[in-house]
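Colleague: Sharing a structure with you now.
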Amino acid sequence: MLTGGAGITPAMSMLRYLYDMRATENEVIFIHSARTPDDIIFRDETLLMSKQSHTKVHYVCAQHAEPGMENGFLSKEILQRIVPDIHDSTILTCGPTPYMDAVKSMLNEIGVDMNNYHEESFGDPSKRFNPGGATPKTLDLGCSESTTKSDSPRFHEDNATSEIPDLAADTEDCTVRFSISNQTLTYSPQETLLQVATRAGIAVATNCQMGLCGTCKAKCTAGNVVMDTTEGLTDEDMSNGYVLTCVGRANGLIDLEL
Ligand code: FES
């Protein structure tokens, strides 16, 4: 199994099934790519599995790799070293589109029979906003900055299946100010921040567009944002004022660092 970022989610379902049911005698090699060790989701659980089952776990971290982890990005050299019998393996992949494209390219170069390759994606990319998952130069994906408590926006988390809340009725207040792009747009109550940004021609890095992966997060420096879910945000993100643009809607006038 090869996963990147939030792509670990469907793999975990399979790993848990295999682990709980002792469902295979085959060796399972799980290679997960993340930005840093702190970004590895389910790290404790996957390590536990690796100690007590046929599952071998490897992590590839783009930054700050710890001893025992691969530093940098997944490569065909890493793949062939960790999975020497890759030509005889079934390969399951899930991750951001660029990650899965890179994996397919590596496997083709290695000469793997792609009939053995299977991938899971978060739906049809062509039906999403920013289908290529564009990464704007202006978007700081880090969380290094902090805001004072009074600067932090207020958050409301609503169940994704609940009705969209009644947002600000005053049209004059229905405005998003994009501070980096220096643009100000009015919005309709149903529009997500990602939709408003897309209308403004502002590229936002995205992946799942379901509030799970955190790729689309942006910092809200003033105003209220209502999110269907905050799954893709850490507590630190929340306290630093980050919001998920793909599932976030402005409530009144807001300032967004995009
Ligand atoms: S794109 Fe994944 S949380 Fe928004």
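Residues in the structure tokens are named by chain (A, B, ... in the order shown) and by number from 1 within that chain; ligands are numbered from 1 in the order shown.
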What lies within 7 Å of stretch 190-200 of chain A using only C-alpha atoms, ignoring chain neighbours under 3 positions off, as number ranges by chain?
Modeller: A: 187, 203, 245-250
Colleague: Could you tell me, counting only C-alpha atoms and all ligand atoms, which protein and nucleic acid residues lie no more than 9 Å from ligand 1, written as a ChimeraX atom specification?
Modeller: /A:6,133,194,204-217,229-233,244-248
Colleague: In Å, with one decimal, what is the gap from atom CA of A:His32 to atom CA of A:Tyr59?
Modeller: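 Taking atom CA of A:His32 and atom CA of A:Tyr59, their separation equals 5.0 Å.
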Colleague: Which of these residues is nearest to A:Leu79, using only C-alpha atoms: A:Phe42, A:Tyr242, A:Tyr17, A:Phe30?
Modeller: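 Answer, going by the shortest atom-to-atom distance: A:Phe30.
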Colleague: Excluding A:Ser75 and any residue of its chain fewer than 3 positions from it, enumerate the residues within 9 Å of it, using only C-alpha atoms, and give them as a PyMOL selection string.
Modeller: chain A and resi 72+78-80+102-103+106
Colleague: Determine the nearest neighbour of A:Asn182 from the options A:Asp39, A:Glu120, A:Asp228, A:Glu257, counting only C-alpha atoms.
Modeller: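 Using only C-alpha atoms, A:Asn182 sits closest to A:Glu257.
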Colleague: Could you check the closest approach to A:Gly5 for each of A:Thr97, A:Ser50, A:Ser188, A:Asn116 and tell me which residue wins, using only C-alpha atoms?
Modeller: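 Answer, going by the shortest atom-to-atom distance: A:Thr97.
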Colleague: Pick the closest to A:Glu25 from A:Asp85, A:His54, A:Phe178, A:Pro189: which is it, counting only C-alpha atoms?
Modeller: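 Ranked by minimum distance to A:Glu25, first place goes to A:His54.
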Colleague: Taking only C-alpha atoms into account, name the residue in A:Gly252, A:Gly7, A:Pro37, A:Gly201 that is nearest to A:Cys61.
Modeller: A:Pro37
